[in-house]
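Following: one structure in structure tokens, then a few remarks.
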Amino acid sequence: MDLKNLTSFVQVAELRSFTKAAGRLGYSQSTISFQIKQLEEELGVKLFERINHTVKLTREGMRLLQCANEIEDIVMKFQQTEEEAVGEVRMATADSLCVATVGRIFSKLQKEHPGVTLKITTAGTRELFRLIDQNETDLLYTLDSPIRDPDYVIVQEQRIPARFVAAPGHPLAGRSDIAPQELLDYPLLLTEKGMSYRRLLEEAFALCDFAVQPALESSNTDLLCNLAEQGEGVAFLPEFAYRSCVERGTLTELQVDAISVEIWAQLLYHREKWMSTALRVVIDELKRCVL
């Protein structure tokens, strides 16, 4: 099997376009088409479905893509010197995960893999999955309900508690029997509407027949923590975002048993994604981050 043909196959699979693959590799479109045809004839299978100007992997094509990733692993293991990781890695994530993840790995990446650059995009869950489905990002770090979809490879996942927090002197602090409607008597400091755990919180309130009316909405979790510390209201945040404040004694968790929200941090990529050395390096570093 000609490895150039395999490389072209991987690019078409990732970009879902013969034209874009040709542009990335510096070939003509006819060359790419010929290489794919050679592969299909050699393997005796059809690798792509071409319907209405769209390109999609067949079942056999998906199997070959998996094998292509395994071949790269083998080549890397037998190289005399480790391949230098070079290239841009695009990562899309929930805003509140940025500091907790990228902020912790960036310095090490710069020291050990200076050829790797990061491009970070933050968005709501729906937009995040649009980006990865359209190959506009390489890697996804979500903070939402657990994703169980065969189109994605989950590299790492972690259950994250989400709680109401307030200043220690808040009237609700220290109580063990807080009813959901009591929270509505105080300013609510929440993430923006449509953002992962904000949506889950609204669903939980709806089950109790209450609607959420926030006094302030922001994707900046540091701002929400600071305002809650100042006694300006009650914030609802993932535990890693307010942990240091609780340890300092400037915030305390409120016990609201009737409101239960489960969120998961999941690091994943599309199953059709080609695993470059740079992408593998970033994934390995992120896997070491425990929220």
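Residue numbering restarts at 1 in every chain; chains get A, B, ... in the order shown in the structure tokens, and ligands count up from 1 in that same order.
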
**Asked** Can you list every residue in stretch 174-273 of chain A that DSSP puts in strand (DSSP E or B), as a ChimeraX atom specification?
**Response** /A:188-190,216-217,234-238,252-254,262-270

Interface rows for stretch 219-279 of chain A against stretch 129-139 of chain A: nearest pair, Å to one decimal, 7 Å, only C-alpha atoms, as CSV:
```
residue,atom,partner,partner_atom,distance
A:Leu268,CA,A:Leu139,CA,6.1
A:Tyr269,CA,A:Leu139,CA,5.0
A:His270,CA,A:Ile132,CA,6.8
```

Within 10 Å of stretch 253-257 of chain A: each stretch 179-206 of chain A residue with its shortest pair, only C-alpha atoms, as a Markdown table:
```
| residue | atom | partner | partner_atom | distance |
| --- | --- | --- | --- | --- |
| A:Ala179 | CA | A:Val256 | CA | 6.3 |
| A:Pro180 | CA | A:Val256 | CA | 6.7 |
| A:Glu182 | CA | A:Val256 | CA | 9.7 |
| A:Leu183 | CA | A:Val256 | CA | 9.0 |
```

Which residues of stretch 195-227 of chain A come within 12 Å of stretch 113-127 of chain A, and for each one, what is the closest pair of atoms and their distance in Å to one decimal, counting only C-alpha atoms, sorted by chain and residue number, as CSV?
```
residue,atom,partner,partner_atom,distance
A:Met195,CA,A:Gly124,CA,5.0
A:Ser196,CA,A:Thr125,CA,6.2
A:Tyr197,CA,A:Thr125,CA,9.9
A:Arg198,CA,A:Gly124,CA,10.4
A:Arg199,CA,A:Thr125,CA,10.1
A:Leu200,CA,A:Thr125,CA,11.8
A:Ser219,CA,A:Ala123,CA,9.4
A:Asn220,CA,A:Thr122,CA,11.4
```

**Prompt:** If you count only C-alpha atoms, which residues fall within 10 Å of stretch 47-64 of chain A, apart from same-chain ones fewer than 4 positions away, as a VMD selection string?
**Reply:** chain A and resid 6 9 to 10 12 to 18 36 to 37 39 to 40 43 68 to 70 271 to 272

**Request:** Give me the residues within 9 Å of A:Asp222 as a PyMOL selection string, counting only C-alpha atoms and dropping any in the same chain fewer than 4 places off.
**Result:** chain A and resi 96+226-227+241-242

To test your reading of the structure, identify every residue in stretch 96-269 of chain A that backbone DSSP assigns to alpha helix (DSSP H), and report it as a JSON list (two decimals) with N, CA, C and O atoms, in the first residue's frame.
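The resulting file, states17.json, is reproduced below:
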```json
[["chain", "number", "residue", "atom", "x", "y", "z"],
["A", 98, "CYS", "N", -11.63, 26.92, 30.55],
["A", 98, "CYS", "CA", -10.38, 27.43, 29.97],
["A", 98, "CYS", "C", -9.25, 27.54, 31.00],
["A", 98, "CYS", "O", -8.17, 27.00, 30.80],
["A", 99, "VAL", "N", -9.50, 28.28, 32.05],
["A", 99, "VAL", "CA", -8.45, 28.50, 33.05],
["A", 99, "VAL", "C", -8.06, 27.19, 33.71],
["A", 99, "VAL", "O", -6.88, 26.92, 33.96],
["A", 100, "ALA", "N", -9.06, 26.35, 33.99],
["A", 100, "ALA", "CA", -8.81, 25.09, 34.70],
["A", 100, "ALA", "C", -8.05, 24.08, 33.87],
["A", 100, "ALA", "O", -7.47, 23.15, 34.41],
["A", 101, "THR", "N", -8.02, 24.25, 32.55],
["A", 101, "THR", "CA", -7.34, 23.27, 31.70],
["A", 101, "THR", "C", -6.20, 23.92, 30.90],
["A", 101, "THR", "O", -5.03, 23.67, 31.16],
["A", 102, "VAL", "N", -6.57, 24.77, 29.94],
["A", 102, "VAL", "CA", -5.55, 25.39, 29.09],
["A", 102, "VAL", "C", -4.56, 26.20, 29.92],
["A", 102, "VAL", "O", -3.35, 26.16, 29.66],
["A", 103, "GLY", "N", -5.06, 26.91, 30.91],
["A", 103, "GLY", "CA", -4.17, 27.71, 31.75],
["A", 103, "GLY", "C", -3.12, 26.88, 32.47],
["A", 103, "GLY", "O", -2.04, 27.38, 32.80],
["A", 104, "ARG", "N", -3.42, 25.60, 32.69],
["A", 104, "ARG", "CA", -2.49, 24.74, 33.42],
["A", 104, "ARG", "C", -1.50, 24.02, 32.52],
["A", 104, "ARG", "O", -0.44, 23.60, 32.98],
["A", 105, "ILE", "N", -1.83, 23.84, 31.23],
["A", 105, "ILE", "CA", -0.93, 23.07, 30.36],
["A", 105, "ILE", "C", -0.09, 23.95, 29.45],
["A", 105, "ILE", "O", 0.90, 23.47, 28.90],
["A", 106, "PHE", "N", -0.47, 25.21, 29.29],
["A", 106, "PHE", "CA", 0.18, 26.04, 28.27],
["A", 106, "PHE", "C", 1.67, 26.22, 28.53],
["A", 106, "PHE", "O", 2.49, 26.11, 27.60],
["A", 107, "SER", "N", 2.05, 26.50, 29.77],
["A", 107, "SER", "CA", 3.45, 26.74, 30.08],
["A", 107, "SER", "C", 4.31, 25.52, 29.76],
["A", 107, "SER", "O", 5.39, 25.63, 29.15],
["A", 108, "LYS", "N", 3.82, 24.34, 30.11],
["A", 108, "LYS", "CA", 4.58, 23.11, 29.85],
["A", 108, "LYS", "C", 4.67, 22.84, 28.35],
["A", 108, "LYS", "O", 5.71, 22.40, 27.84],
["A", 109, "LEU", "N", 3.58, 23.09, 27.63],
["A", 109, "LEU", "CA", 3.60, 22.91, 26.18],
["A", 109, "LEU", "C", 4.66, 23.81, 25.53],
["A", 109, "LEU", "O", 5.40, 23.38, 24.64],
["A", 110, "GLN", "N", 4.73, 25.06, 25.99],
["A", 110, "GLN", "CA", 5.69, 26.00, 25.42],
["A", 110, "GLN", "C", 7.13, 25.56, 25.67],
["A", 110, "GLN", "O", 8.00, 25.71, 24.82],
["A", 111, "LYS", "N", 7.38, 24.97, 26.84],
["A", 111, "LYS", "CA", 8.74, 24.55, 27.19],
["A", 111, "LYS", "C", 9.14, 23.26, 26.48],
["A", 111, "LYS", "O", 10.25, 23.14, 25.98],
["A", 112, "GLU", "N", 8.22, 22.28, 26.44],
["A", 112, "GLU", "CA", 8.57, 20.96, 25.92],
["A", 112, "GLU", "C", 8.23, 20.78, 24.45],
["A", 112, "GLU", "O", 8.84, 19.95, 23.77],
["A", 125, "THR", "N", -22.77, 24.61, 24.31],
["A", 125, "THR", "CA", -22.66, 23.22, 23.90],
["A", 125, "THR", "C", -23.08, 22.99, 22.45],
["A", 125, "THR", "O", -22.40, 22.30, 21.69],
["A", 126, "ARG", "N", -24.18, 23.58, 22.03],
["A", 126, "ARG", "CA", -24.66, 23.36, 20.67],
["A", 126, "ARG", "C", -23.65, 23.84, 19.64],
["A", 126, "ARG", "O", -23.36, 23.15, 18.65],
["A", 127, "GLU", "N", -23.07, 25.02, 19.87],
["A", 127, "GLU", "CA", -22.08, 25.55, 18.95],
["A", 127, "GLU", "C", -20.80, 24.72, 18.98],
["A", 127, "GLU", "O", -20.15, 24.51, 17.95],
["A", 128, "LEU", "N", -20.42, 24.22, 20.14],
["A", 128, "LEU", "CA", -19.23, 23.39, 20.25],
["A", 128, "LEU", "C", -19.33, 22.17, 19.35],
["A", 128, "LEU", "O", -18.37, 21.82, 18.63],
["A", 129, "PHE", "N", -20.48, 21.52, 19.36],
["A", 129, "PHE", "CA", -20.63, 20.32, 18.55],
["A", 129, "PHE", "C", -20.79, 20.64, 17.07],
["A", 129, "PHE", "O", -20.42, 19.83, 16.22],
["A", 130, "ARG", "N", -21.30, 21.81, 16.76],
["A", 130, "ARG", "CA", -21.31, 22.22, 15.36],
["A", 130, "ARG", "C", -19.88, 22.37, 14.86],
["A", 130, "ARG", "O", -19.55, 21.93, 13.74],
["A", 131, "LEU", "N", -19.02, 22.96, 15.68],
["A", 131, "LEU", "CA", -17.63, 23.17, 15.29],
["A", 131, "LEU", "C", -16.91, 21.85, 15.02],
["A", 131, "LEU", "O", -16.19, 21.71, 14.04],
["A", 132, "ILE", "N", -17.12, 20.88, 15.91],
["A", 132, "ILE", "CA", -16.39, 19.61, 15.73],
["A", 132, "ILE", "C", -16.99, 18.80, 14.58],
["A", 132, "ILE", "O", -16.27, 18.11, 13.85],
["A", 133, "ASP", "N", -18.29, 18.90, 14.37],
["A", 133, "ASP", "CA", -18.93, 18.16, 13.28],
["A", 133, "ASP", "C", -18.55, 18.73, 11.92],
["A", 133, "ASP", "O", -18.53, 18.01, 10.91],
["A", 180, "PRO", "N", -36.12, 25.54, 47.08],
["A", 180, "PRO", "CA", -35.77, 26.24, 45.84],
["A", 180, "PRO", "C", -36.35, 27.64, 45.73],
["A", 180, "PRO", "O", -35.68, 28.56, 45.27],
["A", 181, "GLN", "N", -37.61, 27.80, 46.16],
["A", 181, "GLN", "CA", -38.24, 29.11, 46.03],
["A", 181, "GLN", "C", -37.56, 30.18, 46.88],
["A", 181, "GLN", "O", -37.64, 31.38, 46.58],
["A", 182, "GLU", "N", -36.86, 29.77, 47.96],
["A", 182, "GLU", "CA", -36.16, 30.74, 48.80],
["A", 182, "GLU", "C", -35.00, 31.38, 48.05],
["A", 182, "GLU", "O", -34.65, 32.54, 48.30],
["A", 183, "LEU", "N", -34.39, 30.62, 47.15],
["A", 183, "LEU", "CA", -33.27, 31.17, 46.37],
["A", 183, "LEU", "C", -33.72, 32.34, 45.51],
["A", 183, "LEU", "O", -32.95, 33.27, 45.25],
["A", 196, "SER", "N", -24.25, 25.34, 29.16],
["A", 196, "SER", "CA", -24.40, 24.01, 29.74],
["A", 196, "SER", "C", -25.13, 23.93, 31.09],
["A", 196, "SER", "O", -26.32, 23.62, 31.14],
["A", 197, "TYR", "N", -24.44, 24.21, 32.19],
["A", 197, "TYR", "CA", -25.06, 23.96, 33.50],
["A", 197, "TYR", "C", -26.14, 24.99, 33.83],
["A", 197, "TYR", "O", -26.98, 24.74, 34.69],
["A", 198, "ARG", "N", -26.14, 26.13, 33.15],
["A", 198, "ARG", "CA", -27.27, 27.08, 33.30],
["A", 198, "ARG", "C", -28.54, 26.44, 32.77],
["A", 198, "ARG", "O", -29.61, 26.52, 33.39],
["A", 199, "ARG", "N", -28.44, 25.78, 31.61],
["A", 199, "ARG", "CA", -29.61, 25.11, 31.03],
["A", 199, "ARG", "C", -30.10, 23.99, 31.93],
["A", 199, "ARG", "O", -31.30, 23.83, 32.16],
["A", 200, "LEU", "N", -29.17, 23.22, 32.48],
["A", 200, "LEU", "CA", -29.54, 22.11, 33.37],
["A", 200, "LEU", "C", -30.19, 22.64, 34.65],
["A", 200, "LEU", "O", -31.12, 22.03, 35.18],
["A", 201, "LEU", "N", -29.71, 23.78, 35.13],
["A", 201, "LEU", "CA", -30.30, 24.39, 36.32],
["A", 201, "LEU", "C", -31.74, 24.82, 36.04],
["A", 201, "LEU", "O", -32.64, 24.60, 36.86],
["A", 202, "GLU", "N", -31.97, 25.43, 34.88],
["A", 202, "GLU", "CA", -33.32, 25.86, 34.52],
["A", 202, "GLU", "C", -34.27, 24.66, 34.44],
["A", 202, "GLU", "O", -35.42, 24.75, 34.85],
["A", 203, "GLU", "N", -33.76, 23.56, 33.90],
["A", 203, "GLU", "CA", -34.59, 22.35, 33.81],
["A", 203, "GLU", "C", -34.93, 21.83, 35.20],
["A", 203, "GLU", "O", -36.06, 21.38, 35.44],
["A", 204, "ALA", "N", -33.98, 21.89, 36.12],
["A", 204, "ALA", "CA", -34.21, 21.43, 37.49],
["A", 204, "ALA", "C", -35.24, 22.32, 38.20],
["A", 204, "ALA", "O", -36.12, 21.83, 38.91],
["A", 205, "PHE", "N", -35.15, 23.63, 37.99],
["A", 205, "PHE", "CA", -36.12, 24.55, 38.58],
["A", 205, "PHE", "C", -37.51, 24.32, 37.98],
["A", 205, "PHE", "O", -38.52, 24.40, 38.68],
["A", 206, "ALA", "N", -37.55, 24.03, 36.68],
["A", 206, "ALA", "CA", -38.84, 23.80, 36.02],
["A", 206, "ALA", "C", -39.56, 22.60, 36.62],
["A", 206, "ALA", "O", -40.79, 22.59, 36.72],
["A", 207, "LEU", "N", -38.81, 21.59, 37.03],
["A", 207, "LEU", "CA", -39.42, 20.42, 37.67],
["A", 207, "LEU", "C", -40.06, 20.78, 39.00],
["A", 207, "LEU", "O", -40.96, 20.08, 39.48],
["A", 221, "THR", "N", -16.68, 33.05, 35.17],
["A", 221, "THR", "CA", -16.94, 32.47, 36.49],
["A", 221, "THR", "C", -16.20, 33.21, 37.60],
["A", 221, "THR", "O", -16.67, 33.23, 38.74],
["A", 222, "ASP", "N", -15.06, 33.82, 37.28],
["A", 222, "ASP", "CA", -14.35, 34.60, 38.30],
["A", 222, "ASP", "C", -15.20, 35.78, 38.75],
["A", 222, "ASP", "O", -15.24, 36.12, 39.94],
["A", 223, "LEU", "N", -15.88, 36.42, 37.80],
["A", 223, "LEU", "CA", -16.76, 37.55, 38.14],
["A", 223, "LEU", "C", -17.89, 37.09, 39.04],
["A", 223, "LEU", "O", -18.22, 37.74, 40.04],
["A", 224, "LEU", "N", -18.50, 35.95, 38.71],
["A", 224, "LEU", "CA", -19.60, 35.44, 39.51],
["A", 224, "LEU", "C", -19.13, 35.10, 40.93],
["A", 224, "LEU", "O", -19.83, 35.39, 41.91],
["A", 225, "CYS", "N", -17.94, 34.52, 41.05],
["A", 225, "CYS", "CA", -17.39, 34.22, 42.38],
["A", 225, "CYS", "C", -17.14, 35.50, 43.17],
["A", 225, "CYS", "O", -17.49, 35.59, 44.36],
["A", 226, "ASN", "N", -16.55, 36.49, 42.51],
["A", 226, "ASN", "CA", -16.22, 37.74, 43.20],
["A", 226, "ASN", "C", -17.47, 38.44, 43.72],
["A", 226, "ASN", "O", -17.50, 38.94, 44.85],
["A", 227, "LEU", "N", -18.52, 38.48, 42.91],
["A", 227, "LEU", "CA", -19.76, 39.13, 43.34],
["A", 227, "LEU", "C", -20.40, 38.37, 44.49],
["A", 227, "LEU", "O", -20.93, 38.98, 45.43],
["A", 228, "ALA", "N", -20.38, 37.05, 44.42],
["A", 228, "ALA", "CA", -20.94, 36.25, 45.52],
["A", 228, "ALA", "C", -20.14, 36.47, 46.80],
["A", 228, "ALA", "O", -20.72, 36.56, 47.89],
["A", 229, "GLU", "N", -18.82, 36.55, 46.67],
["A", 229, "GLU", "CA", -17.96, 36.80, 47.85],
["A", 229, "GLU", "C", -18.31, 38.14, 48.50],
["A", 229, "GLU", "O", -18.23, 38.28, 49.72],
["A", 239, "GLU", "N", -17.89, 22.96, 40.82],
["A", 239, "GLU", "CA", -17.07, 22.97, 42.02],
["A", 239, "GLU", "C", -15.66, 23.49, 41.79],
["A", 239, "GLU", "O", -15.11, 24.22, 42.61],
["A", 240, "PHE", "N", -15.04, 23.14, 40.64],
["A", 240, "PHE", "CA", -13.66, 23.57, 40.42],
["A", 240, "PHE", "C", -13.55, 25.09, 40.29],
["A", 240, "PHE", "O", -12.49, 25.66, 40.53],
["A", 241, "ALA", "N", -14.65, 25.76, 39.92],
["A", 241, "ALA", "CA", -14.61, 27.21, 39.72],
["A", 241, "ALA", "C", -14.60, 27.98, 41.04],
["A", 241, "ALA", "O", -14.08, 29.10, 41.10],
["A", 242, "TYR", "N", -15.19, 27.38, 42.10],
["A", 242, "TYR", "CA", -15.25, 28.11, 43.38],
["A", 242, "TYR", "C", -14.45, 27.43, 44.49],
["A", 242, "TYR", "O", -14.41, 27.91, 45.62],
["A", 243, "ARG", "N", -13.76, 26.32, 44.19],
["A", 243, "ARG", "CA", -13.06, 25.55, 45.22],
["A", 243, "ARG", "C", -12.10, 26.39, 46.05],
["A", 243, "ARG", "O", -12.11, 26.33, 47.29],
["A", 244, "SER", "N", -11.28, 27.20, 45.40],
["A", 244, "SER", "CA", -10.29, 27.99, 46.13],
["A", 244, "SER", "C", -10.96, 29.01, 47.05],
["A", 244, "SER", "O", -10.45, 29.32, 48.13],
["A", 245, "CYS", "N", -12.14, 29.52, 46.64],
["A", 245, "CYS", "CA", -12.86, 30.49, 47.48],
["A", 245, "CYS", "C", -13.38, 29.82, 48.75],
["A", 245, "CYS", "O", -13.34, 30.41, 49.85],
["A", 246, "VAL", "N", -13.88, 28.60, 48.62],
["A", 246, "VAL", "CA", -14.35, 27.86, 49.80],
["A", 246, "VAL", "C", -13.17, 27.55, 50.72],
["A", 246, "VAL", "O", -13.28, 27.67, 51.95],
["A", 247, "GLU", "N", -12.03, 27.18, 50.13],
["A", 247, "GLU", "CA", -10.84, 26.89, 50.94],
["A", 247, "GLU", "C", -10.36, 28.12, 51.69],
["A", 247, "GLU", "O", -9.86, 28.02, 52.82],
["A", 248, "ARG", "N", -10.52, 29.31, 51.09],
["A", 248, "ARG", "CA", -10.13, 30.56, 51.75],
["A", 248, "ARG", "C", -11.16, 31.02, 52.77],
["A", 248, "ARG", "O", -10.90, 31.91, 53.58]]
```

**Complete:** note - atom CA of A:Tyr141 and atom CA of A:Val153 are separated by 11.8 Å

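Near A:Pro146, within a cut-off of 8 Å and counting only C-alpha atoms, sit the residues Ile263, Trp264, Ala265 and Gln266 of chain A, with same-chain residues fewer than 3 positions away left out.
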
If you keep N, CA, C and O atoms, can you produce a file of those selected residues as a CSV table (one decimal), in the first residue's frame?
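Okay, again_15.csv is ready:
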```csv
chain,number,residue,atom,x,y,z
A,263,ILE,N,-23.3,17.4,36.1
A,263,ILE,CA,-22.6,17.8,34.9
A,263,ILE,C,-21.3,17.0,34.7
A,263,ILE,O,-20.7,16.5,35.7
A,264,TRP,N,-20.8,16.9,33.5
A,264,TRP,CA,-19.6,16.1,33.2
A,264,TRP,C,-18.7,16.9,32.4
A,264,TRP,O,-19.1,17.5,31.4
A,265,ALA,N,-17.4,16.8,32.7
A,265,ALA,CA,-16.4,17.4,31.9
A,265,ALA,C,-15.9,16.2,31.0
A,265,ALA,O,-15.5,15.2,31.5
A,266,GLN,N,-16.0,16.4,29.7
A,266,GLN,CA,-15.6,15.4,28.7
A,266,GLN,C,-14.6,15.9,27.7
A,266,GLN,O,-15.0,16.9,27.0
```

**Prompt:** Do you have the atom CA of A:Ser8-atom CA of A:Glu42 distance handy?
**Reply:** 14.8 Å

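In this structure, atom CA of A:Leu286 sits 24.0 Å away from atom CA of A:Thr191.
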
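The shell of residues at most 12 Å from A:Gly169, with only C-alpha atoms counted and near chain neighbours (fewer than 5 positions) removed, consists of A:Gly174, A:Arg175, A:Ala228, A:Glu229, A:Gln230, A:Gly231, A:Glu232, A:Gly233, A:Val234, A:Gly249, A:Thr250, A:Leu251, A:Thr252, A:Glu253, A:Leu254.
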
**Prompt:** Restricting the calculation to only C-alpha atoms, which member of A:Ser145, A:Gln158, A:Ile32, A:Gln66 is positioned closest to A:Leu291?
**Reply:**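 With only C-alpha atoms as the atom set, the closest residue is A:Gln158.
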
**Which of A:Ile154, A:Ala235, A:Ala166, A:Leu267 sits closest to A:Ala94 [using only C-alpha atoms]** =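 Of the candidates, the smallest distance to A:Ala94 is held by A:Leu267.
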